[in-house]
Amino acid sequence: MHKGDLTWLIGGPQGGGIDTSGLVFARYANRCGLRVFSNIEYHSNIMGEHSYYRVRIASKDRHSILDQVNVVVALDEETLIGDPHADFTSFKGHLQELVPSGVAVYDSAGKFKPSEATRSDITLLGVPLMDLLKEALRGIGREGDANRLRIMTNTIALGASVFAMGGDIELFAQVYRDDFKGARAELGEMNALAANAGYEYAAQQLGGRSPFDMKAIEAAVSNGHATGPSLLIRGMHACAFGKLKAGLHIQTYYPISPATDESVYLEANQRDQNLLVVQCEDEIASIQMAVGAANAGARSSTSTSGPGFALMVEGIGYASLTEVPGPVVFLWQRGGPSTGLPTRQDQGDLRFALHPAQGDFPHILVAPADPQQIFDDSFEAFNWADRYQMPVVVLVDKYLSTQSASLDELKMENLVIDRGSRYRSNGRANGAGDEYLRFAFTENGVSPRSFPGEEGGIFWSTSDEHDPRGHITEDAENRILMMEKRMGKLDLAASEIPGGRKISVYGPADADVTLVGWGSVKGSVLDAIELLAEEDGVRASFVQIRLLKPFPVEEVTAALSNAKRLILVENNYTGQLGGLVREMTGIHIPQKVLKYDGRPFSEEELVEGLRKALATGDARVHVSHLSA
Amino acid sequence: MHKGDLTWLIGGPQGGGIDTSGLVFARYANRCGLRVFSNIEYHSNIMGEHSYYRVRIASKDRHSILDQVNVVVALDEETLIGDPHADFTSFKGHLQELVPSGVAVYDSAGKFKPSEATRSDITLLGVPLMDLLKEALRGIGREGDANRLRIMTNTIALGASVFAMGGDIELFAQVYRDDFKGARAELGEMNALAANAGYEYAAQQLGGRSPFDMKAIEAAVSNGHATGPSLLIRGMHACAFGKLKAGLHIQTYYPISPATDESVYLEANQRDQNLLVVQCEDEIASIQMAVGAANAGARSSTSTSGPGFALMVEGIGYASLTEVPGPVVFLWQRGGPSTGLPTRQDQGDLRFALHPAQGDFPHILVAPADPQQIFDDSFEAFNWADRYQMPVVVLVDKYLSTQSASLDELKMENLVIDRGSRYRSNGRANGAGDEYLRFAFTENGVSPRSFPGEEGGIFWSTSDEHDPRGHITEDAENRILMMEKRMGKLDLAASEIPGGRKISVYGPADADVTLVGWGSVKGSVLDAIELLAEEDGVRASFVQIRLLKPFPVEEVTAALSNAKRLILVENNYTGQLGGLVREMTGIHIPQKVLKYDGRPFSEEELVEGLRKALATGDARVHVSHLSA
Amino acid sequence: MIAEQKPLTYKDYSTPVHINWCPACGDFGIVTAIQKALAKLQIPPHRVAMFSGIGCSGKTPHYINAYGFHTLHGRVVPNASGGRLANRDLTVIAVGGDGDGYGIGSGYFVNAGRRNLNFTYLVFDNGVYGLTKGQAAPTLARGMKTKSMPEPAIQDSLNPIALAIGSGYTFVARGYALDQSGDVLANLIAEAIQHEGSSFVDILQTCPTYNDLMTVKWFNEKPQGNSRLYQLTEEGYEGVVKDVSNPDEIIAKKAQAVGKSYEWGDRVPLGIFYQARLRTYEEELEGRLPNYGTAPLIDWDVAHRDVSKLLGALR
Amino acid sequence: MIAEQKPLTYKDYSTPVHINWCPACGDFGIVTAIQKALAKLQIPPHRVAMFSGIGCSGKTPHYINAYGFHTLHGRVVPNASGGRLANRDLTVIAVGGDGDGYGIGSGYFVNAGRRNLNFTYLVFDNGVYGLTKGQAAPTLARGMKTKSMPEPAIQDSLNPIALAIGSGYTFVARGYALDQSGDVLANLIAEAIQHEGSSFVDILQTCPTYNDLMTVKWFNEKPQGNSRLYQLTEEGYEGVVKDVSNPDEIIAKKAQAVGKSYEWGDRVPLGIFYQARLRTYEEELEGRLPNYGTAPLIDWDVAHRDVSKLLGALR
Ligand SMILES: Cc1ncc(C[n+]2csc(CCOP(=O)(O)OP(=O)(O)O)c2C)c(N)n1
Ligand SMILES: Cc1ncc(C[n+]2csc(CCOP(=O)(O)OP(=O)(O)O)c2C)c(N)n1
Ligand code: SF4
Ligand code: SF4
Ligand SMILES: [Mg+2]
Ligand SMILES: [Mg+2]
C-alpha cells in the first residue's frame, strides 16, 4: 500500500444520500489541492441495500482504490458489521477494513452497539446525530425543522469525520455554501452549521487530537499541477465531452446501469449544447434509430451495457454491411453474464464485442482506460466511423464510469473533425451521365457517400449483399469484391490509426516483468507497479492494449516479444485479452492475475496477486478481498 | 476431378419446379444403386430468379459437388448463357460448365437460340417440349389438358436428359409412379409417358447414342453397401431424426432460410411423432419460449440462421447463467453479414457462436460435418444440455442442410437418453427440514434440478447473480463461487465428452500435409485428399475439429503438433477456426485456403486451391469458379 | 401426506426473503393480492409458476412461495408461454413492469394476445421505469413530469386496455395495487387466473419514490365528489361476452371496452373491461396433437419414437 | 437548374431495377400508388427517403427512385424514425410486410404510434410471410388455411387498426393494393404523407402465390349484392377529429374507429378510420431544442461547442 495515503469511506442504505455525501467529501479534498481517487459501490436496488463511497487522498495522482480505510462514516449498522441475518453473505462490515487506530463515525442513537465490534484497536466515535442537528438548528431558531431536514444528520457525521481525518472544517463547509446558492443559500448555511457541530463534537470526543492528518498530505502535494482547483472528473463525463466536441447530433438510449449516467448527463445539457437525446423503447430501437440517423447524415451514438448490447448486435452487423458511418456505441460493461450484477464491475464483454454478429464484417473496437483516453477515443471514434464507414464500439465499464479522480486538465487541443469522403453532385441529377454509385469499388475501399436530400445523390442501401448501386445481388464475383472492399477498410484503418492510439507502454523498457491488460485495470496496474518498485524492488512495465480491432499485431508483438516475463491482468474470469493476444500474435502469456467478484482491483489486491504470481509462477492467480 | 463421375444439372427460374425435378433425378440415380451427391442453389426470391440443382453420380461415395457438368437441363435461356442484361453480374450460364461433348437439353420453342452458344464442342439438344407433351397426352386422349399440365414439360426434358446420361428410362419413370399413388396414380402414369417421350426424342436426335454411360458407373459400384436402396438424406433430415430420437418435446421457430426446412419437416410430422412445434412471432420469442419450456422440464430446441441467432444471444446468456438444461439451438449458417445472402453458403458464424453474449459463461458449441454426425450431435446435444445444464449450439450450414447424399444407413444404435441430475422430493414439502437448493454448490458444479409441479421442489431462478436458493445476491464470495461453479461445468463437459466427438482425423498418420477444417468443408476435403493422392501423389490428412467449445486443446494439439505441414480450409473470409486454434493451442496454421463467394467448395475449387497453396506457400489462397 | 389438509392461507405463499422495495411501494399490495388470490383458489404452491421480467416489479417471484422465474427485461411473456406449453397442469402467472411489458416487451405482449394461451399476465403500471430511477414509462401521458424527470414527457401514453383488446386477449381488466378493502384486487386476480385463455390485468401501482403524480392521495381523491377510482360494475358496465358464437356481441363488447378505456382523470374505471371464453391455444393444439388434451407435454412418452416410416420415405 | 421545370410524373419515381416479385403480386399496385402519390404531391425524388423491412415487400425501395434504405426484418420503423429525426426536411416513408410490422416488428409499430413523429408507415398486408414461403402472418384469422399452410391457423388474427389506435397513431387508414380506378390508394397514401404526425395505412395486398383466400376475386366479390370493399366515406363515416382540443371527440372517434375496424368478411371498409392533428414529436422537440424548428438536425453547427461551463462545474 502507498503509505501516507488516506481513505475515507461513507456507507449506508441506498437512497440515504451516500453518493451525495461521498461526492461532497471528494470535492472538498480535491479543492484542498489533494489528489483524489474515489469510487462508489451500490446494489441494483432503489432503497435500503448497502452502498458505500470510498475517497482515497494522496499527495500524488492515484488511479485505484485501497481496501484499507482510515475513517468510516456509517449511516447504518450494516456498514459497520454487515447484516448478520442475511443468507449466503460474506460481507462482515467495513469495520474490518479500518486501519489500527482508524475511526468509525456512527449514530450513537442508532442500532449499532459498540459491544458488537470485535476490534479494540480502533476508535468507535458514536455521535448523537439528531441531537446535534437539533441543537445546531436551535441556534438559528429552526429546531422545529429538524425532522424535515433529517438528511442533514449526514452532514453532522461528515463534519465529525473531517475532524477524524485532520481536515479543515471551514474549507469543508465552503463546499456546501458553494452548492447552495441564491434562493437556496440558507440550506448551505445550515449544512455548514451542521458540519461544524459534528466537527466540534468529534474534537471534543477525541480530545482535540485527530488520528490522521490530511493537511500533511496536502502540504506534500508536489508542484507541477495546474493552478486553481483540478477537475474531479468521472469517465462518463469525459465520454460526454468527447461526444460533444466531436459534433454529435443525436444520442439514442434506453436506460440501463451503468450506462444511463452518460445519457442522462447529455440529456440534461442537450438544450445548451444543441444536441438531440432520444430515450427509446428498447436497445433495438436505440441502435436502429441511430443507424437511421447516421444514414441521413447525422453523427449518432448510443450507450448501453451488456444486456442492451446483446440486443444491438443485429444493428452492428447491419451498419457494417451497409457501410453506415457509425453509430458509435459505448458499451459500459458491468457484471455479466445475462442481467448478472447490474451495478457491479467486470471486464467480461471483450470477446462478445469483438465479434458481435454473424458473418465476417469490419468494425472498430477500442478500449480507453482513463478519462483522457475516454475523451480522446470518444472524439476520434466519430472520425473513424465517418472515415471508414463502419460502426465503432467503445468498450468501457462501470468502474471507469463512476470513478472520480483529480485531473488538472482534460486536453482538448488540436481536435479535427473529419466527416470522411462525401459525394456532392453539384446539381447534377441522378442518372444524368455521371451516375453516382454509393458502393463504388474504390482503391481504398471507401466510397464517397451522399447525404439524403442531396439532388443527384440518390442511392440505395440494403442489408442483403448488394452491388455498387446498392441493389440486391447474389452474384459470386460481386460478393467477393464486396467482401474484400469491406474487410479491406479494416486494413486501411489499421494502417492509418496512429500507434499511440493502439497501445500504450508504461514503465522501464528493460523491466523484469511486463504486465499486460486493457481498459480500467490500467489504474490499479500503474499504482501496483509503483509499489512493487518501491517495496519489492521489482521493475515492472505495463502494456495497455487499447485498440482491439483492428488488432495492432505489430505493435503488440514488438512490445511483448522481448519481455522477460509476462503477466496478464484482467477483471474477468477467463482472461479474454490473453486469448486474443495469442490468437493474433502467437504470444502466450503464461500467467494471469484475475479478479471476478464484481468489484474492481484494489491496490492491495492487485499487489498481492502480482506478488503471488511472481513468487509461485502459477498460471492462474485470482484475488478478492471480499468487500461489500 | 474424379474421372468417371458424372454431373447432371437442371436450372431455371425459381418457382418452375427445379427442386422437384432435381430431386426426382437424384432419387432415380440413388435407386439405381449409384452413389449420389446433390445440392441446390437458389436466390432469396419466390419466382423468377435463376436456381439450379446439381446431381453428381459416382461408383463410390462422394462428398462434394463438381463444377463440371455432363448434362444440363435448361428450363430457360439464363440457365445456358446467363442474363446478358443484368447489371454487375459475372454469371455467364451453365453452358460454360459443360465438359466437351456435354449435352444441353433445352426447349427448342423457348428464347434460347443455338447461335448464342459460344461453344461448338458440345451438343445442343433442343426439344420441342410442349409439342411432345401434347403428343404424349394425345395418346391417352388428354391433349386438352396440356396447358394445365404444362409443368410436365419438365418431365419431357428430364426424360431427354436421361437418354443423354445413358440412363434407364423405365427405372426413371418408376420414380414418378411411386410418387403418385392412389387417387393420383394417373399423374404418375402421365409423367412416365412424358419422360418416355423426351427420352425417345433424344434417342432419335442423338442417333441412338448416349455420350455418357450412367450404367457403367452403376456396374462399378463396389459391393459392401447395404442391400436395398440407400437413403438419400439431407442434413436437415438427420438433424430432425436426432431430435426425435432424443425425445424432443418442443421445437420453437421463426421462419428463416436456410433453417426453416428443418422446422417445417418436424412440423409436418408432429402429429405422428408426438411433438409440439410452435411458430413464434420472432426469434426472441422462439428462444425465450424454448427456455421457459426447458425450465418446466421439457426437452426444447429452436432452429435459426445468423439474423435470428443475433436475436437469440440474450437468451443464450440467460439460459447459461440460470443453468437451464438447454435449449439446443441449431444455427444453420448462411452468407452474412446481416441479412447478407439468405440462401447461400458461408461458415462465417463461428466466432459469433463461440461467444454470443456478455460476460464469461459456459455453453457447448459443436459443428457436425455430415448427416451421421448431425444425427449424433443433435441426439447428444440434449444429453449434454441436461447433464451440464447449459445451452448447446449446433453449428451447421445451408450446404449441409440442402445437400442430399446416398447413405446406406443412419446409425441409431445404443442411443441412451440421459436427463441429467434430477431432484425428487419424495413428498417432502419445501422447507420441511431438508431444504432444496436449486443452485447448491456441488462437487462437479451440477446441482440436481426439480421439475415445476413437484411438491417440495420449489425453487427460484433469476437472470441476476443469485445464491444457491436462486435468489438475487450481489455478495462477492457467492459471486466467485457461482462463477466457478458455472465455468467448472465446462471443464466437466470437456473431461466427459469422448474424444471421438471432439475431433476426427482422416488419412495417413504420417501425411505430407495436414488439412484443418470444420463443418461442411469436410466433404470437399475428403474428396480432395483422395484426388491429391491419386493425381499428385500428395499424401494428405484431415483434422476435423468438431467440438468447438469446450475446445479440445489436448486432442487438437496432439493431432497438429507433429504435422509436417498445415493448411486451413474454411468457407469464410477470415479463416475463423485458424484464429481459434492459435488462441487455444498456440499452433499457427501458416496457410489458408478460403472461399467466400457464397457457395460451397466444389471439388475442383478445393483441389486447385490446395495445389496453389502447396506450390506457392502463400499464406492466403482464395478460390472461386464463379458459378451462379 | 396428511389425510386432512388445512386450507391454504395467503401466508403459505410467502417466502422469508428480504423484500427490497422502497417503503410504501405499491408493489407490496400486489404481492399480497396475488397471494390472496392463490389462497382463494387453493392452488398448491408447487402447482404455480411465477414468471417475471426485470424491474422493481421483476423481483416479485422471489417473494412468493411458488416456482419462480425472474427472466429478462421484456421477455417474461414468451418465457411464461413456454412454461405453460410444457406443462398445462401449472398455473402460470407472468408479472412485470409497464416499461417491461408495454415498452421493450410490447411485441410479446401483443403477440401473446392472439395466442390465447391459458395464462395470466399482470402488469405493474407505475408510469415510470422504477429500477432505473424514474424515467417516463409508456403509460405516462404527454406533458406529465414526475419529480424524477428533467423535462415533461413528449410522447403520448399508450393505452394498455385498447392494445390488449386489439391484440386479442380474452380477459382484459384493470386493478389498483392498494385498494382499501384489500380484497378487490385479489378477487380480480383470482378471476383472471380462473379465466381460460390469456388474461391481462393492468394494475395501477404507486411508486412513491419517483412518481409524485399518481400517488395514493391522487387515487383516493374525490374530484367533484365522486371517488376517482370506481368499479366498472358500479356503473352497470358489462364486459363479459355472453354468447361467444355471436361475432356481433364480441365486436360490440370490444368496442365498448376500448371506448371505456380512454376514461381517465377524474374518473378511473377498474374491473373487467372485456372477457370472452374463446378456444384457448391449448384446446386448438388438441386438434393437432390429440395427446395435448390428456397429459402435460413433459409427461409424454417421447423417448421411444419410431422414425422408420420417415426414413423409408427417403429411400 | 432549369428555369421552368416540368411537373413530375409517377414515372420519375421509377427505377430500371428488375422487379423480382411474382407475376400479378399485389405489391406492384402499391409501388405504383406510392409513385403516383409522390407525383401528386410533387415531392422531388431526392427529398424522399424510403425505408423498408425484410420480405417481398421489403424490396420496394429498390423500385422507387428516391433515397432507399432496405433495413432489417422488423426494424424499419426505428430506422425511418432516425432518418426523420436527423433531417426533418425529408419525406420519410416506411414500408414493410405484415409479418415484419405486426409480428417481429410489433413493438416498434406500437411505440412509434405514441411518438407521433411525422412519417408515413405503409404495411403490405397479405396475411402470409411471403418471402419465407407462405406461413401464416399475424393478420391471418384463426381457422384460415392458405394453400401454403399444412394446418389451419390456430391463433387469432390481430387487428392492425385497433392496435394503431391503441398505440396513438394520428392517421389510421386501410387501403387496397389493386383498386380498379388506380388512384384511390394513391390518394390515400398522399393524404397519409400530407398528414402531420405518424400516419399508418394497412394495405390489403394479394399474394397470388401463397394466399388463395384473399384473392383479387375474393376482394372483388359482391356478397349479397354489395361490393365487399367499400370506402368508409360511402357510409358517411367521418374519422377526422374536428376539434383536437376536445378530448371527448378524440375518444369518441377512436372508439368509433376500433368498432368499425372489426367489420370484416362480407363488407370490408377502406379509407381513413381516424385522423387527428395532434402535436408532432418534432413540434414537441422544439420546446426542448429551439433550433429544431429552424433547420434540419444535420445542418446544425455542432462542431464548435463550448464545454467550459460544464467543465467548470466539475472543479
Ligand atoms: C435489455 C435491458 N435493457 C435495460 C435494462 C435495464 N432496466 C432494468 S429495469 C428497467 C426498467 C424497469 O421499468 P419497469 O419495467 O416499468 O419496471 P418497474 O421498475 O417500474 O417495476 C430497465 C430499463 C435491462 N435490465 N435489460
Ligand atoms: C431476424 C430475421 N428473422 C427471419 C428472417 C426471415 N424472413 C425474411 S422475410 C420474412 C417474413 C416476410 O413476411 P412479411 O413481413 O409478411 O413480408 P412479405 O414477404 O409477406 O411481404 C422472414 C421471416 C429475417 N430476414 N430476419
Ligand atoms: S422505485 Fe418505485 S416501484 Fe421501485 S421499489 Fe421504489 S417505490 Fe416501488
Ligand atoms: S410470394 Fe406473394 S407477396 Fe411475395 S412476390 Fe410472390 S405474390 Fe408477391
Ligand atoms: Mg414501471
Ligand atoms: Mg406478408
# chains A, B, ... in the order shown; residues from 1 in each chain; ligands from 1

$ interface_residues --of "chain A" --to "chain C" --cutoff "10 Å" --atoms "only C-alpha atoms" --output "ChimeraX atom specification"
/A:14-15,44-49,85-87,254-258,260,264,267-268,279-285,307-308,338-339

$ write_last_selection --atoms "C-alpha atoms" --output "PDB file, in the first residue's frame"
ATOM      1  CA  GLN A  14     -29.290   3.237  -0.751  1.00  0.00           C
ATOM      2  CA  GLY A  15     -31.453   6.270  -1.045  1.00  0.00           C
ATOM      3  CA  SER A  44     -29.289  -2.902  -8.120  1.00  0.00           C
ATOM      4  CA  ASN A  45     -31.917  -1.506  -5.799  1.00  0.00           C
ATOM      5  CA  ILE A  46     -33.582   1.826  -5.145  1.00  0.00           C
ATOM      6  CA  MET A  47     -33.736   1.951  -1.374  1.00  0.00           C
ATOM      7  CA  GLY A  48     -32.263   0.132   1.529  1.00  0.00           C
ATOM      8  CA  GLU A  49     -29.383  -2.026   0.318  1.00  0.00           C
ATOM      9  CA  HIS A  85     -29.216 -12.229   9.332  1.00  0.00           C
ATOM     10  CA  ALA A  86     -28.597 -12.349   5.620  1.00  0.00           C
ATOM     11  CA  ASP A  87     -28.372 -15.685   3.808  1.00  0.00           C
ATOM     12  CA  TYR A 254     -32.542   3.077 -23.275  1.00  0.00           C
ATOM     13  CA  PRO A 255     -31.942   3.259 -19.521  1.00  0.00           C
ATOM     14  CA  ILE A 256     -29.557   0.657 -18.160  1.00  0.00           C
ATOM     15  CA  SER A 257     -26.930   0.593 -15.457  1.00  0.00           C
ATOM     16  CA  PRO A 258     -24.192   1.685 -15.609  1.00  0.00           C
ATOM     17  CA  THR A 260     -27.586   5.633 -18.097  1.00  0.00           C
ATOM     18  CA  VAL A 264     -28.730  11.450 -18.631  1.00  0.00           C
ATOM     19  CA  GLU A 267     -29.803  14.885 -21.848  1.00  0.00           C
ATOM     20  CA  ALA A 268     -29.563  17.369 -19.026  1.00  0.00           C
ATOM     21  CA  GLN A 279     -34.963   7.827 -24.957  1.00  0.00           C
ATOM     22  CA  CYS A 280     -36.160   4.841 -26.964  1.00  0.00           C
ATOM     23  CA  GLU A 281     -38.418   1.911 -26.219  1.00  0.00           C
ATOM     24  CA  ASP A 282     -35.506  -0.514 -26.064  1.00  0.00           C
ATOM     25  CA  GLU A 283     -31.980  -1.068 -27.288  1.00  0.00           C
ATOM     26  CA  ILE A 284     -33.050  -2.475 -30.622  1.00  0.00           C
ATOM     27  CA  ALA A 285     -34.826   0.774 -31.346  1.00  0.00           C
ATOM     28  CA  PRO A 307     -27.885  -6.805 -21.844  1.00  0.00           C
ATOM     29  CA  GLY A 308     -28.593  -3.882 -24.131  1.00  0.00           C
ATOM     30  CA  SER A 338     -27.110 -12.026 -18.540  1.00  0.00           C
ATOM     31  CA  THR A 339     -28.615  -9.462 -16.182  1.00  0.00           C
TER      32      THR A 339
END

$ interface_residues --of "chain A" --to "chain B" --cutoff "7 Å" --atoms "only C-alpha atoms" --output "short mmCIF file (atom, residue, chain, number, x, y, z; two decimals) with N, CA and C atoms, in the first residue's frame"
data_model
loop_
_atom_site.label_atom_id
_atom_site.label_comp_id
_atom_site.auth_asym_id
_atom_site.auth_seq_id
_atom_site.Cartn_x
_atom_site.Cartn_y
_atom_site.Cartn_z
N PHE A 88 -26.31 -16.53 2.91
CA PHE A 88 -25.23 -16.63 1.93
C PHE A 88 -24.48 -15.32 1.72
N THR A 89 -24.04 -14.69 2.78
CA THR A 89 -23.31 -13.45 2.55
C THR A 89 -21.95 -13.51 3.21
N SER A 90 -20.99 -12.91 2.57
CA SER A 90 -19.64 -12.92 3.12
C SER A 90 -19.26 -11.56 3.69
N PHE A 91 -20.06 -10.55 3.41
CA PHE A 91 -19.73 -9.20 3.85
C PHE A 91 -19.93 -9.06 5.35
N GLY A 306 -24.04 -4.61 -21.21
CA GLY A 306 -24.17 -5.94 -21.80
C GLY A 306 -25.56 -6.36 -22.27
N PRO A 307 -26.57 -6.33 -21.41
CA PRO A 307 -27.88 -6.81 -21.84
C PRO A 307 -28.44 -5.99 -23.00
N ALA A 310 -26.53 -6.87 -26.22
CA ALA A 310 -26.99 -8.13 -26.79
C ALA A 310 -28.15 -7.90 -27.76
N LEU A 311 -28.87 -6.82 -27.58
CA LEU A 311 -29.98 -6.51 -28.47
C LEU A 311 -29.54 -5.64 -29.64
N VAL A 313 -26.75 -6.24 -31.46
CA VAL A 313 -25.79 -6.88 -32.35
C VAL A 313 -26.28 -6.94 -33.78
N GLU A 314 -27.56 -7.16 -33.99
CA GLU A 314 -28.02 -7.19 -35.38
C GLU A 314 -27.79 -5.82 -36.03
N GLY A 317 -24.04 -5.49 -37.13
CA GLY A 317 -23.80 -6.20 -38.39
C GLY A 317 -24.42 -5.46 -39.56
N TYR A 318 -25.59 -4.94 -39.35
CA TYR A 318 -26.31 -4.22 -40.40
C TYR A 318 -25.55 -2.95 -40.79
N LEU A 321 -22.36 -3.93 -42.73
CA LEU A 321 -22.58 -4.39 -44.10
C LEU A 321 -22.98 -3.24 -45.01
N GLY A 335 -21.15 -6.45 -14.45
CA GLY A 335 -21.01 -7.87 -14.19
C GLY A 335 -22.03 -8.68 -14.96
N GLY A 336 -21.57 -9.58 -15.79
CA GLY A 336 -22.45 -10.49 -16.52
C GLY A 336 -22.34 -11.84 -15.89
N PRO A 337 -22.72 -12.89 -16.53
CA PRO A 337 -23.50 -12.89 -17.77
C PRO A 337 -24.96 -12.54 -17.51
N SER A 338 -25.69 -12.36 -18.60
CA SER A 338 -27.11 -12.03 -18.54
C SER A 338 -27.31 -10.76 -17.70
N THR A 339 -28.39 -10.66 -16.99
CA THR A 339 -28.61 -9.46 -16.18
C THR A 339 -27.49 -9.34 -15.15
N GLY A 340 -27.07 -10.46 -14.62
CA GLY A 340 -25.85 -10.53 -13.82
C GLY A 340 -25.82 -9.65 -12.59
N LEU A 341 -24.83 -8.79 -12.56
CA LEU A 341 -24.65 -7.85 -11.45
C LEU A 341 -24.75 -6.45 -12.05
N GLY A 348 -15.96 -8.48 -18.76
CA GLY A 348 -16.27 -9.75 -19.41
C GLY A 348 -16.81 -9.67 -20.82
N ASP A 349 -16.90 -8.47 -21.40
CA ASP A 349 -17.58 -8.36 -22.69
C ASP A 349 -16.65 -8.23 -23.88
N ARG A 351 -14.75 -10.40 -25.60
CA ARG A 351 -14.92 -11.38 -26.68
C ARG A 351 -16.23 -11.15 -27.43
N PHE A 352 -17.24 -10.79 -26.70
CA PHE A 352 -18.54 -10.54 -27.33
C PHE A 352 -18.45 -9.32 -28.25
N HIS A 355 -16.68 -9.76 -31.81
CA HIS A 355 -17.35 -10.40 -32.95
C HIS A 355 -18.84 -10.51 -32.68
N PRO A 356 -19.50 -9.36 -32.61
CA PRO A 356 -20.86 -9.36 -32.09
C PRO A 356 -21.96 -9.61 -33.12
N ALA A 357 -21.72 -10.29 -34.20
CA ALA A 357 -22.81 -10.61 -35.12
C ALA A 357 -22.33 -11.67 -36.10
N GLN A 358 -23.27 -12.17 -36.88
CA GLN A 358 -22.95 -13.23 -37.84
C GLN A 358 -22.10 -12.72 -38.99
N GLY A 359 -21.29 -13.61 -39.53
CA GLY A 359 -20.52 -13.28 -40.71
C GLY A 359 -19.22 -12.56 -40.38
N ASP A 360 -18.40 -12.41 -41.41
CA ASP A 360 -17.17 -11.63 -41.27
C ASP A 360 -17.47 -10.20 -41.66
N PHE A 361 -17.23 -9.28 -40.74
CA PHE A 361 -17.55 -7.88 -41.04
C PHE A 361 -16.61 -6.96 -40.27
N SER A 463 -29.60 -4.49 -46.44
CA SER A 463 -28.91 -5.42 -45.57
C SER A 463 -28.60 -6.73 -46.29
N ASP A 464 -29.13 -6.89 -47.48
CA ASP A 464 -28.70 -8.00 -48.33
C ASP A 464 -27.37 -7.63 -48.98
N GLU A 465 -26.65 -8.63 -49.45
CA GLU A 465 -25.46 -8.32 -50.25
C GLU A 465 -25.92 -7.54 -51.47
N ASP A 467 -24.92 -4.65 -54.98
CA ASP A 467 -23.96 -4.21 -55.99
C ASP A 467 -23.53 -2.77 -55.71
N GLU A 474 -26.86 -11.45 -55.80
CA GLU A 474 -26.26 -12.63 -55.20
C GLU A 474 -25.10 -13.12 -56.06
N ASP A 475 -24.71 -12.30 -57.00
CA ASP A 475 -23.63 -12.67 -57.91
C ASP A 475 -22.35 -12.99 -57.14
N ALA A 476 -21.67 -14.03 -57.57
CA ALA A 476 -20.49 -14.51 -56.84
C ALA A 476 -19.32 -13.52 -56.92
N GLU A 477 -19.08 -12.99 -58.09
CA GLU A 477 -17.93 -12.10 -58.23
C GLU A 477 -18.13 -10.82 -57.42
N ASN A 478 -19.33 -10.26 -57.54
CA ASN A 478 -19.65 -9.06 -56.77
C ASN A 478 -19.48 -9.33 -55.28
N ARG A 479 -19.91 -10.50 -54.87
CA ARG A 479 -19.80 -10.88 -53.47
C ARG A 479 -18.34 -10.86 -53.01
N ILE A 480 -17.51 -11.42 -53.80
CA ILE A 480 -16.09 -11.46 -53.43
C ILE A 480 -15.54 -10.04 -53.33
N TYR A 573 -13.20 -13.47 -15.66
CA TYR A 573 -12.94 -14.84 -15.24
C TYR A 573 -11.92 -15.56 -16.12
N THR A 574 -12.01 -15.35 -17.42
CA THR A 574 -11.18 -16.19 -18.31
C THR A 574 -9.89 -15.54 -18.78
N GLY A 579 -6.32 -14.56 -24.57
CA GLY A 579 -6.67 -15.38 -25.73
C GLY A 579 -6.52 -14.59 -27.02
N LEU A 580 -6.94 -13.35 -26.98
CA LEU A 580 -6.86 -12.53 -28.19
C LEU A 580 -5.41 -12.28 -28.59
N ARG A 582 -2.87 -14.14 -27.98
CA ARG A 582 -2.30 -15.37 -28.52
C ARG A 582 -2.82 -15.63 -29.93
N GLU A 583 -4.12 -15.41 -30.11
CA GLU A 583 -4.71 -15.62 -31.44
C GLU A 583 -4.02 -14.74 -32.49
N GLY A 586 0.38 -14.98 -31.49
CA GLY A 586 1.03 -16.24 -31.13
C GLY A 586 1.72 -16.18 -29.78
N TYR A 596 -12.79 -11.53 -10.32
CA TYR A 596 -14.12 -11.67 -10.93
C TYR A 596 -15.20 -11.76 -9.86
N ASP A 597 -15.06 -10.92 -8.85
CA ASP A 597 -16.08 -10.90 -7.81
C ASP A 597 -17.04 -9.73 -7.97
N GLY A 598 -16.98 -9.08 -9.14
CA GLY A 598 -17.90 -7.99 -9.39
C GLY A 598 -17.40 -6.64 -8.90
N LEU A 626 -12.95 -9.54 -0.91
CA LEU A 626 -14.33 -9.75 -0.45
C LEU A 626 -14.94 -8.58 0.31
N SER A 627 -14.91 -7.42 -0.28
CA SER A 627 -15.61 -6.32 0.37
C SER A 627 -17.08 -6.36 -0.04
N ALA A 628 -17.84 -5.39 0.37
CA ALA A 628 -19.28 -5.41 0.09
C ALA A 628 -19.55 -5.15 -1.38
#

$ residues_around --residues "Glu284 of chain D" --least-positions-apart "4" --cutoff "9 Å" --atoms "only C-alpha atoms" --output "number ranges by chain"
C: 154-155; D: 279-280, 288-289

$ write_last_selection --atoms "N, CA, C and O atoms" --output "short mmCIF file (atom, residue, chain, number, x, y, z; two decimals), in the first residue's frame"
data_model
loop_
_atom_site.label_atom_id
_atom_site.label_comp_id
_atom_site.auth_asym_id
_atom_site.auth_seq_id
_atom_site.Cartn_x
_atom_site.Cartn_y
_atom_site.Cartn_z
N ILE C 154 -42.86 13.88 -23.83
CA ILE C 154 -43.32 14.47 -25.10
C ILE C 154 -43.93 13.42 -26.01
O ILE C 154 -44.19 13.67 -27.17
N GLN C 155 -44.14 12.23 -25.46
CA GLN C 155 -44.85 11.23 -26.26
C GLN C 155 -46.19 10.97 -25.60
O GLN C 155 -46.33 11.10 -24.39
N ARG D 279 -50.06 17.50 -31.72
CA ARG D 279 -48.68 17.98 -31.82
C ARG D 279 -47.76 16.83 -32.19
O ARG D 279 -47.85 15.74 -31.64
N THR D 280 -46.89 17.09 -33.14
CA THR D 280 -45.96 16.05 -33.56
C THR D 280 -44.76 16.02 -32.61
O THR D 280 -44.53 16.96 -31.85
N ARG D 288 -37.91 21.68 -26.44
CA ARG D 288 -36.66 21.37 -25.77
C ARG D 288 -35.46 21.96 -26.48
O ARG D 288 -34.47 22.34 -25.87
N LEU D 289 -35.56 21.93 -27.80
CA LEU D 289 -34.43 22.35 -28.63
C LEU D 289 -34.94 23.37 -29.63
O LEU D 289 -35.40 23.02 -30.72
#

$ interface_residues --of "chain D" --to "chain C" --cutoff "7 Å" --atoms "only C-alpha atoms" --output "ChimeraX atom specification"
/D:104-107,114-115,154-159,162-163,166-168,251-252,255,258-259,262,281,284

$ select_by_dssp --residues "segment 114-244 of chain C" --states "alpha helix (DSSP H)" --output "list in words"
Arg114, Arg115, Pro160, Ile161, Ala162, Leu163, Ala164, Ile165, Gly166, Ser167, Val184, Leu185, Ala186, Asn187, Leu188, Ile189, Ala190, Glu191, Ala192, Ile193, Gln194, Val216, Lys217, Trp218, Phe219 and Asn220 of chain C

$ residues_around --residues "segment 17-26 of chain B" --least-positions-apart "5" --cutoff "9 Å" --atoms "only C-alpha atoms" --output "MDAnalysis selection string"
chainID B and resid 8:12 31 36:40 51:57 75 151 154:155 158 162 172 175:176 232 404:405
